[in-house]
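Structure below is final24.pdb: PDB, C-alpha atoms, pLDDT in the B column.
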```
MODEL        1
ATOM      1  CA  GLY A 259      40.406-143.228 -31.024  1.00 78.00           C
ATOM      2  CA  PRO A 260      38.852-144.871 -27.969  1.00 79.00           C
ATOM      3  CA  TYR A 261      36.863-141.754 -27.031  1.00 76.00           C
ATOM      4  CA  GLY A 262      36.140-140.209 -30.423  1.00 74.00           C
ATOM      5  CA  VAL A 263      38.576-137.294 -30.251  1.00 78.00           C
ATOM      6  CA  PRO A 264      38.099-135.263 -33.481  1.00 78.00           C
ATOM      7  CA  ARG A 265      41.651-133.923 -33.344  1.00 75.00           C
ATOM      8  CA  ARG A 266      44.607-135.105 -35.394  1.00 74.00           C
ATOM      9  CA  TRP A 267      48.071-134.049 -34.291  1.00 69.00           C
ATOM     10  CA  ARG A 268      50.604-132.803 -36.807  1.00 73.00           C
ATOM     11  CA  PRO A 269      51.928-133.734 -39.233  1.00 80.00           C
ATOM     12  CA  LEU A 270      48.623-134.041 -41.050  1.00 76.00           C
ATOM     13  CA  GLU A 271      50.265-135.910 -43.939  1.00 86.00           C
ATOM     14  CA  TRP A 272      51.082-139.586 -43.387  1.00 82.00           C
ATOM     15  CA  SER A 273      51.429-142.869 -45.242  1.00 88.00           C
ATOM     16  CA  ALA A 274      50.413-146.487 -44.757  1.00 87.00           C
ATOM     17  CA  ASN A 275      51.315-149.446 -46.953  1.00 88.00           C
ATOM     18  CA  GLY A 276      52.905-147.116 -49.461  1.00 90.00           C
ATOM     19  CA  ILE A 277      49.790-144.939 -49.846  1.00 90.00           C
ATOM     20  CA  GLN A 278      49.805-141.241 -48.910  1.00 90.00           C
ATOM     21  CA  TYR A 279      47.011-139.797 -46.764  1.00 85.00           C
ATOM     22  CA  THR A 280      46.179-136.521 -45.085  1.00 85.00           C
ATOM     23  CA  HIS A 281      43.960-135.618 -42.176  1.00 74.00           C
ATOM     24  CA  GLU A 282      41.491-132.758 -42.298  1.00 80.00           C
ATOM     25  CA  ARG A 283      42.351-129.495 -40.568  1.00 76.00           C
ATOM     26  CA  PRO A 284      39.263-128.451 -38.554  1.00 75.00           C
ATOM     27  CA  ILE A 285      38.148-124.847 -38.174  1.00 72.00           C
ATOM     28  CA  SER A 286      38.603-125.231 -34.427  1.00 68.00           C
ATOM     29  CA  VAL A 287      42.178-126.395 -34.861  1.00 74.00           C
ATOM     30  CA  GLN A 288      43.916-127.135 -31.579  1.00 72.00           C
ATOM     31  CA  GLN A 289      46.945-124.956 -32.367  1.00 72.00           C
ATOM     32  CA  SER A 290      44.853-121.774 -32.310  1.00 76.00           C
ATOM     33  CA  ALA A 291      46.232-119.021 -30.109  1.00 73.00           C
ATOM     34  CA  HIS A 292      42.909-117.227 -30.337  1.00 83.00           C
ATOM     35  CA  VAL A 293      39.852-116.866 -32.542  1.00 91.00           C
ATOM     36  CA  TYR A 294      37.699-113.809 -33.028  1.00 91.00           C
ATOM     37  CA  ILE A 295      34.491-112.786 -34.744  1.00 94.00           C
ATOM     38  CA  MET A 296      34.167-109.124 -35.679  1.00 96.00           C
ATOM     39  CA  GLN A 297      30.585-107.909 -35.435  1.00 97.00           C
ATOM     40  CA  ILE A 298      29.850-104.654 -37.259  1.00 97.00           C
ATOM     41  CA  ARG A 299      26.568-102.919 -36.449  1.00 96.00           C
ATOM     42  CA  PRO A 300      25.973-100.017 -38.874  1.00 95.00           C
ATOM     43  CA  ASN A 301      22.824 -98.759 -37.151  1.00 94.00           C
ATOM     44  CA  PHE A 302      24.574 -98.005 -33.846  1.00 94.00           C
ATOM     45  CA  PRO A 303      26.497 -94.878 -32.837  1.00 92.00           C
ATOM     46  CA  ASP A 304      30.104 -94.898 -34.066  1.00 92.00           C
ATOM     47  CA  GLU A 305      31.430 -95.817 -30.612  1.00 92.00           C
ATOM     48  CA  MET A 306      29.231 -98.931 -30.492  1.00 95.00           C
ATOM     49  CA  LYS A 307      29.432-100.150 -34.068  1.00 96.00           C
ATOM     50  CA  ALA A 308      32.117-102.792 -33.522  1.00 97.00           C
ATOM     51  CA  ILE A 309      32.321-105.722 -31.107  1.00 98.00           C
ATOM     52  CA  ASP A 310      35.236-108.138 -31.116  1.00 97.00           C
ATOM     53  CA  TRP A 311      33.961-111.508 -29.862  1.00 97.00           C
ATOM     54  CA  PHE A 312      37.261-112.981 -28.735  1.00 96.00           C
ATOM     55  CA  ALA A 313      37.944-116.592 -27.708  1.00 95.00           C
ATOM     56  CA  PRO A 314      41.378-117.648 -26.468  1.00 92.00           C
ATOM     57  CA  ASP A 315      42.765-120.981 -27.702  1.00 89.00           C
ATOM     58  CA  ASP A 316      40.533-123.531 -29.487  1.00 89.00           C
ATOM     59  CA  SER A 317      37.168-122.057 -30.515  1.00 88.00           C
ATOM     60  CA  ALA A 318      35.370-125.358 -29.795  1.00 92.00           C
ATOM     61  CA  THR A 319      36.473-125.435 -26.158  1.00 94.00           C
ATOM     62  CA  SER A 320      36.391-121.775 -25.196  1.00 94.00           C
ATOM     63  CA  VAL A 321      33.916-118.894 -24.975  1.00 97.00           C
ATOM     64  CA  PHE A 322      33.730-115.770 -27.141  1.00 97.00           C
ATOM     65  CA  VAL A 323      33.936-112.773 -24.819  1.00 98.00           C
ATOM     66  CA  PRO A 324      32.549-109.462 -26.153  1.00 98.00           C
ATOM     67  CA  PHE A 325      35.074-106.626 -26.333  1.00 98.00           C
ATOM     68  CA  TYR A 326      33.607-103.375 -27.627  1.00 97.00           C
ATOM     69  CA  GLY A 327      35.841-101.776 -30.250  1.00 96.00           C
ATOM     70  CA  VAL A 328      35.986 -98.459 -28.415  1.00 96.00           C
ATOM     71  CA  ILE A 329      37.336 -99.731 -25.084  1.00 96.00           C
ATOM     72  CA  THR A 330      40.492 -98.048 -23.830  1.00 96.00           C
ATOM     73  CA  THR A 331      42.151-101.060 -22.183  1.00 94.00           C
ATOM     74  CA  VAL A 332      41.881-104.834 -21.925  1.00 94.00           C
ATOM     75  CA  PRO A 333      41.883-107.110 -18.871  1.00 94.00           C
ATOM     76  CA  ALA A 334      45.301-108.275 -17.688  1.00 92.00           C
ATOM     77  CA  GLU A 335      44.369-111.904 -18.408  1.00 94.00           C
ATOM     78  CA  TYR A 336      44.145-111.058 -22.116  1.00 91.00           C
ATOM     79  CA  SER A 337      47.190-108.824 -22.274  1.00 86.00           C
ATOM     80  CA  TYR A 338      50.613-109.634 -23.679  1.00 72.00           C
ATOM     81  CA  PHE A 339      51.946-107.985 -20.541  1.00 63.00           C
ATOM     82  CA  SER A 340      50.387-110.568 -18.231  1.00 63.00           C
ATOM     83  CA  GLY A 341      53.706-112.412 -18.023  1.00 71.00           C
ATOM     84  CA  ALA A 342      52.476-115.586 -19.697  1.00 71.00           C
ATOM     85  CA  THR A 343      54.056-116.840 -22.905  1.00 77.00           C
ATOM     86  CA  ARG A 344      53.748-119.933 -25.045  1.00 77.00           C
ATOM     87  CA  LEU A 345      56.458-121.542 -22.913  1.00 80.00           C
ATOM     88  CA  LYS A 346      55.452-120.030 -19.576  1.00 85.00           C
ATOM     89  CA  PHE A 347      52.223-121.226 -17.990  1.00 90.00           C
ATOM     90  CA  ASP A 348      50.158-118.824 -15.896  1.00 91.00           C
ATOM     91  CA  PHE A 349      46.817-119.382 -14.156  1.00 93.00           C
ATOM     92  CA  ASN A 350      46.047-115.697 -14.799  1.00 92.00           C
ATOM     93  CA  SER A 351      46.294-116.103 -18.576  1.00 93.00           C
ATOM     94  CA  ALA A 352      43.080-116.421 -20.576  1.00 94.00           C
ATOM     95  CA  PHE A 353      44.890-118.607 -23.110  1.00 93.00           C
ATOM     96  CA  TRP A 354      46.379-121.021 -20.604  1.00 94.00           C
ATOM     97  CA  VAL A 355      43.202-121.423 -18.578  1.00 96.00           C
ATOM     98  CA  SER A 356      41.229-122.095 -21.754  1.00 95.00           C
ATOM     99  CA  ASN A 357      43.907-124.562 -22.822  1.00 94.00           C
ATOM    100  CA  LEU A 358      43.569-126.473 -19.540  1.00 96.00           C
ATOM    101  CA  VAL A 359      39.927-127.221 -20.329  1.00 97.00           C
ATOM    102  CA  ALA A 360      40.741-128.031 -23.959  1.00 95.00           C
ATOM    103  CA  GLN A 361      43.497-130.515 -23.092  1.00 94.00           C
ATOM    104  CA  LEU A 362      41.206-132.299 -20.665  1.00 95.00           C
ATOM    105  CA  ALA A 363      38.470-132.543 -23.301  1.00 94.00           C
ATOM    106  CA  TYR A 364      40.959-133.915 -25.844  1.00 92.00           C
ATOM    107  CA  SER A 365      41.766-136.784 -23.466  1.00 91.00           C
ATOM    108  CA  ASN A 366      38.190-138.121 -23.381  1.00 93.00           C
ATOM    109  CA  TRP A 367      36.032-136.304 -25.905  1.00 90.00           C
ATOM    110  CA  ASP A 368      32.950-138.528 -25.774  1.00 93.00           C
ATOM    111  CA  ASN A 369      32.505-138.048 -22.043  1.00 94.00           C
ATOM    112  CA  ILE A 370      34.044-134.676 -21.193  1.00 95.00           C
ATOM    113  CA  TYR A 371      33.221-132.517 -24.204  1.00 95.00           C
ATOM    114  CA  PRO A 372      29.404-132.658 -23.794  1.00 96.00           C
ATOM    115  CA  GLU A 373      29.805-131.011 -20.385  1.00 97.00           C
ATOM    116  CA  VAL A 374      32.238-128.459 -21.822  1.00 97.00           C
ATOM    117  CA  LEU A 375      29.848-127.626 -24.654  1.00 97.00           C
ATOM    118  CA  GLN A 376      26.933-127.233 -22.266  1.00 98.00           C
ATOM    119  CA  GLN A 377      28.948-124.810 -20.155  1.00 98.00           C
ATOM    120  CA  ILE A 378      30.052-122.874 -23.238  1.00 97.00           C
ATOM    121  CA  GLN A 379      26.486-122.495 -24.466  1.00 98.00           C
ATOM    122  CA  GLN A 380      25.245-121.259 -21.105  1.00 98.00           C
ATOM    123  CA  ILE A 381      27.980-118.646 -20.728  1.00 98.00           C
ATOM    124  CA  GLN A 382      27.798-117.599 -24.371  1.00 98.00           C
ATOM    125  CA  GLN A 383      24.061-117.007 -24.168  1.00 98.00           C
ATOM    126  CA  GLN A 384      24.574-114.948 -21.023  1.00 98.00           C
ATOM    127  CA  TYR A 385      27.059-112.716 -22.853  1.00 98.00           C
ATOM    128  CA  ILE A 386      24.666-112.264 -25.761  1.00 98.00           C
ATOM    129  CA  ASN A 387      21.943-111.236 -23.322  1.00 98.00           C
ATOM    130  CA  ASP A 388      24.357-108.921 -21.501  1.00 97.00           C
ATOM    131  CA  VAL A 389      25.270-107.108 -24.709  1.00 97.00           C
ATOM    132  CA  GLN A 390      21.635-106.528 -25.613  1.00 96.00           C
ATOM    133  CA  THR A 391      20.921-105.106 -22.168  1.00 96.00           C
ATOM    134  CA  LEU A 392      24.072-102.977 -22.130  1.00 97.00           C
ATOM    135  CA  ASP A 393      23.420-101.632 -25.635  1.00 97.00           C
ATOM    136  CA  ALA A 394      20.034-100.293 -24.595  1.00 94.00           C
ATOM    137  CA  LYS A 395      21.590 -98.528 -21.622  1.00 93.00           C
ATOM    138  CA  VAL A 396      24.722 -97.093 -23.223  1.00 96.00           C
ATOM    139  CA  ILE A 397      23.198 -95.948 -26.506  1.00 94.00           C
ATOM    140  CA  GLU A 398      21.311 -93.291 -24.549  1.00 93.00           C
ATOM    141  CA  LEU A 399      24.579 -91.965 -23.122  1.00 95.00           C
ATOM    142  CA  PHE A 400      26.049 -91.464 -26.580  1.00 93.00           C
ATOM    143  CA  GLN A 401      22.847 -89.947 -27.892  1.00 91.00           C
ATOM    144  CA  GLU A 402      22.969 -87.476 -25.015  1.00 93.00           C
ATOM    145  CA  GLY A 403      26.573 -86.578 -25.841  1.00 93.00           C
ATOM    146  CA  LYS A 404      28.022 -88.317 -22.782  1.00 95.00           C
ATOM    147  CA  THR A 405      30.728 -89.965 -24.855  1.00 95.00           C
ATOM    148  CA  GLU A 406      33.408 -90.419 -22.202  1.00 96.00           C
ATOM    149  CA  GLU A 407      30.906 -91.901 -19.764  1.00 96.00           C
ATOM    150  CA  GLY A 408      29.638 -94.305 -22.407  1.00 96.00           C
ATOM    151  CA  ILE A 409      33.151 -95.440 -23.327  1.00 97.00           C
ATOM    152  CA  LYS A 410      33.948 -96.022 -19.648  1.00 97.00           C
ATOM    153  CA  VAL A 411      30.834 -98.172 -19.185  1.00 97.00           C
ATOM    154  CA  LEU A 412      31.749-100.312 -22.208  1.00 97.00           C
ATOM    155  CA  THR A 413      35.372-100.596 -21.108  1.00 97.00           C
ATOM    156  CA  ASP A 414      34.404-101.604 -17.576  1.00 98.00           C
ATOM    157  CA  TYR A 415      31.995-104.236 -18.867  1.00 98.00           C
ATOM    158  CA  SER A 416      34.435-105.804 -21.339  1.00 97.00           C
ATOM    159  CA  CYS A 417      37.289-105.877 -18.836  1.00 97.00           C
ATOM    160  CA  SER A 418      35.250-107.262 -15.952  1.00 97.00           C
ATOM    161  CA  THR A 419      33.618-109.861 -18.194  1.00 98.00           C
ATOM    162  CA  GLY A 420      36.967-111.027 -19.540  1.00 97.00           C
ATOM    163  CA  SER A 421      38.432-111.377 -16.051  1.00 97.00           C
ATOM    164  CA  GLN A 422      35.338-113.116 -14.724  1.00 97.00           C
ATOM    165  CA  PHE A 423      35.409-115.617 -17.578  1.00 97.00           C
ATOM    166  CA  VAL A 424      38.990-116.648 -16.768  1.00 97.00           C
ATOM    167  CA  ALA A 425      38.107-117.146 -13.103  1.00 97.00           C
ATOM    168  CA  GLN A 426      34.932-119.042 -14.011  1.00 98.00           C
ATOM    169  CA  TRP A 427      36.711-121.264 -16.559  1.00 98.00           C
ATOM    170  CA  LEU A 428      39.458-122.076 -14.064  1.00 98.00           C
ATOM    171  CA  ASP A 429      36.816-123.141 -11.537  1.00 98.00           C
ATOM    172  CA  PHE A 430      35.198-125.254 -14.247  1.00 98.00           C
ATOM    173  CA  TRP A 431      38.503-127.020 -14.932  1.00 98.00           C
ATOM    174  CA  LYS A 432      38.890-127.690 -11.196  1.00 98.00           C
ATOM    175  CA  TYR A 433      35.433-129.272 -11.297  1.00 97.00           C
ATOM    176  CA  LEU A 434      36.237-131.439 -14.327  1.00 97.00           C
ATOM    177  CA  VAL A 435      39.533-132.871 -13.056  1.00 96.00           C
ATOM    178  CA  PRO A 436      38.093-134.908 -10.157  1.00 96.00           C
ATOM    179  CA  ARG A 437      34.857-135.613 -12.021  1.00 95.00           C
ATOM    180  CA  PHE A 438      36.721-137.552 -14.722  1.00 94.00           C
ATOM    181  CA  LEU A 439      39.403-139.382 -12.784  1.00 92.00           C
ATOM    182  CA  ASP A 440      41.413-142.453 -13.810  1.00 91.00           C
ATOM    183  CA  GLY A 441      38.877-143.720 -16.334  1.00 90.00           C
ATOM    184  CA  VAL A 442      35.906-143.222 -14.025  1.00 92.00           C
ATOM    185  CA  LYS A 443      33.232-140.558 -14.198  1.00 93.00           C
ATOM    186  CA  ASN A 444      32.487-139.842 -10.573  1.00 89.00           C
ATOM    187  CA  GLY A 445      28.830-140.392  -9.886  1.00 86.00           C
ATOM    188  CA  ALA A 446      28.349-142.428 -13.053  1.00 90.00           C
ATOM    189  CA  GLY A 447      30.970-145.186 -12.992  1.00 92.00           C
ATOM    190  CA  PRO A 448      33.468-146.454 -15.614  1.00 89.00           C
ATOM    191  CA  MET A 449      33.699-144.900 -19.058  1.00 89.00           C
ATOM    192  CA  PRO A 450      33.936-147.736 -21.634  1.00 90.00           C
ATOM    193  CA  TYR A 451      35.718-147.188 -24.918  1.00 89.00           C
ATOM    194  CA  ARG A 452      33.793-146.900 -28.156  1.00 90.00           C
ATOM    195  CA  THR A 453      32.600-150.206 -29.618  1.00 92.00           C
ATOM    196  CA  SER A 454      34.663-149.541 -32.735  1.00 91.00           C
ATOM    197  CA  PHE A 455      37.799-149.304 -30.617  1.00 90.00           C
ATOM    198  CA  TYR A 456      37.159-152.637 -28.926  1.00 90.00           C
ATOM    199  CA  GLN A 457      36.570-154.148 -32.346  1.00 94.00           C
ATOM    200  CA  SER A 458      39.874-152.758 -33.623  1.00 92.00           C
ATOM    201  CA  ILE A 459      41.713-154.318 -30.650  1.00 90.00           C
ATOM    202  CA  ALA A 460      40.156-157.707 -31.363  1.00 92.00           C
ATOM    203  CA  LYS A 461      41.026-157.425 -35.047  1.00 92.00           C
ATOM    204  CA  GLU A 462      44.634-156.400 -34.436  1.00 92.00           C
ATOM    205  CA  THR A 463      45.410-158.855 -31.610  1.00 94.00           C
ATOM    206  CA  GLY A 464      43.374-161.896 -32.574  1.00 93.00           C
ATOM    207  CA  ASP A 465      42.956-164.249 -29.608  1.00 91.00           C
ATOM    208  CA  LYS A 466      45.494-162.528 -27.354  1.00 92.00           C
ATOM    209  CA  TYR A 467      42.863-161.038 -25.047  1.00 91.00           C
ATOM    210  CA  ARG A 468      40.072-163.490 -25.720  1.00 90.00           C
ATOM    211  CA  VAL A 469      38.265-164.986 -22.727  1.00 91.00           C
ATOM    212  CA  TRP A 470      37.985-168.697 -23.515  1.00 89.00           C
ATOM    213  CA  ASN A 471      35.432-169.772 -20.925  1.00 82.00           C
ATOM    214  CA  GLN A 472      32.555-168.627 -23.124  1.00 64.00           C
TER     215      GLN A 472
ENDMDL
END
```

This entry written out as structure tokens:
Amino acid sequence: GPYGVPRRWRPLEWSANGIQYTHERPISVQQSAHVYIMQIRPNFPDEMKAIDWFAPDDSATSVFVPFYGVITTVPAEYSYFSGATRLKFDFNSAFWVSNLVAQLAYSNWDNIYPEVLQQIQQIQQQYINDVQTLDAKVIELFQEGKTEEGIKVLTDYSCSTGSQFVAQWLDFWKYLVPRFLDGVKNGAGPMPYRTSFYQSIAKETGDKYRVWNQ
């Protein structure tokens, strides 16, 4: 497309001039409700062995939030009881807020996605650092037999981090909307299409749009 969007909407199968084709289905497929990576750490106490790195919506446009396997609750933004559904939008839903950023990136991948990716990498690295710091603190609690206290610390961290991500990602979307407005990147000017797209227009339309005073 004009902005290099690596997404192909369904159906993936299609035909042209009597020949059948199919598009690839990417790992970060846009129809994802969520994606998770289960990290198992055999050298940790039982209560700390598992971390569910959970990303709502498309894995390429969201952030994997660490949820320790032992936590006793989840943040409301990640709960089925939040009130949001597939057909009911909610600004307090981790899925819907992540989807806002994804849909914006899909509209102009070449220009918007680099900023999305940069933000993802910064937040993701912060979470990785957080987990390392928290592990060192909480492992002592479990080694000392303070199991309930340790579980509470892990639960509080996972829940607060999940809620903070949704708020942060919503603010990021609010930043992106006016930054990329009506074909203009504010502060940088117009966003031309890819050269290949201009070439395809010229090929398909011939002299229709040609400027003849050259």

For the interface of stretch 308-361 of chain A with stretch 296-299 of chain A (cut-off 8 Å, counting only C-alpha atoms), please tabulate each contacting residue of stretch 308-361 of chain A alongside its nearest pair of atoms and their separation in Å to one decimal, rows sorted by chain and increasing number, as a tab-separated table.
```
residue	atom	partner	partner_atom	distance
A:Ala308	CA	A:Ile298	CA	4.8
A:Ile309	CA	A:Gln297	CA	5.2
A:Asp310	CA	A:Met296	CA	4.8
A:Trp311	CA	A:Met296	CA	6.3
```

Between atom CA of A:Tyr371 and atom CA of A:Ile459, what is the distance in Å, rounded to a tenth? 24.3 Å

Which is closest to A:Ser421 among A:Lys307, A:Tyr336, A:Gly262, A:Phe302, if we use all atoms listed in the file? A:Tyr336

Enclose all atoms of stretch 401-415 of chain A listed in the file in an axis-aligned box, grow every side by 6 Å, and hand back centre and edge lengths in Å to one decimal, as lines of an AutoDock Vina configuration file.
```
center_x = 29.1
center_y = -95.4
center_z = -22.7
size_x = 24.5
size_y = 29.7
size_z = 22.3
```

Given the point (43.9, -110.1, -18.2) in the coordinates of this file, which residues lie within 12 Å, counting all atoms listed in the file, and how would they look as a ChimeraX atom specification? /A:314,331-342,348-355,416-425

Step by step, work through what the PyMOL selection byres ((chain A and resi 433) around 12) selects in the shown file, and finish by giving those residues as a ChimeraX atom specification. /A:358-359,362,370,373-374,377,426-432,434-439,443-444

With 9 Å as the threshold, what does the neighbourhood of (41.1, -134.8, -35.8) contain in terms of residues, counting only C-alpha atoms? Coordinates are those of the file; answer as a compact mmCIF listing (two decimals) with C-alpha atoms, in the frame of the given file.
```txt
# COMPACT_ATOMS: atom_id res chain seq x y z
CA VAL A 263 38.58 -137.29 -30.25
CA PRO A 264 38.10 -135.26 -33.48
CA ARG A 265 41.65 -133.92 -33.34
CA ARG A 266 44.61 -135.10 -35.39
CA TRP A 267 48.07 -134.05 -34.29
CA HIS A 281 43.96 -135.62 -42.18
CA GLU A 282 41.49 -132.76 -42.30
CA ARG A 283 42.35 -129.50 -40.57
CA PRO A 284 39.26 -128.45 -38.55
CA VAL A 287 42.18 -126.40 -34.86
```

Identify which of the residues A:Gly445, A:Glu305, A:Ser273, A:Ala318 lies closest to A:Val293, counting all atoms listed in the file when measuring atom-to-atom distances.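 Of A:Gly445, A:Glu305, A:Ser273, A:Ala318, the one nearest A:Val293, counting all atoms listed in the file, is A:Ala318.
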
Atomic separation - atom CA of A:Pro260 relative to atom CA of A:Arg452, Å: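 Here the two named atoms are 5.5 Å from each other.
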
Could you jot down the atom CA of A:Asp316 to atom CA of A:Gln384 separation for me, Å, one decimal place? 20.0 Å

Between A:Thr330, A:Ser290, A:Ser458, A:Gln278, single out the one closest to A:Ser317, counting only C-alpha atoms.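 Smallest separation from A:Ser317 among the options: A:Ser290.
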
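The closest residue to A:Leu399, picked from A:Gly447, A:Tyr385, A:Leu345, A:Leu412 and counting only C-alpha atoms, is A:Leu412.
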
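Nearest residue to A:Thr413, choosing from A:Asn387, A:Gly327, A:Phe347, A:Gln401 and counting all atoms listed in the file: A:Gly327.
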
Which residue of A:Ser320, A:Thr463, A:Thr280, A:Asn357 approaches A:Ile381 most closely, using all atoms listed in the file: A:Ser320
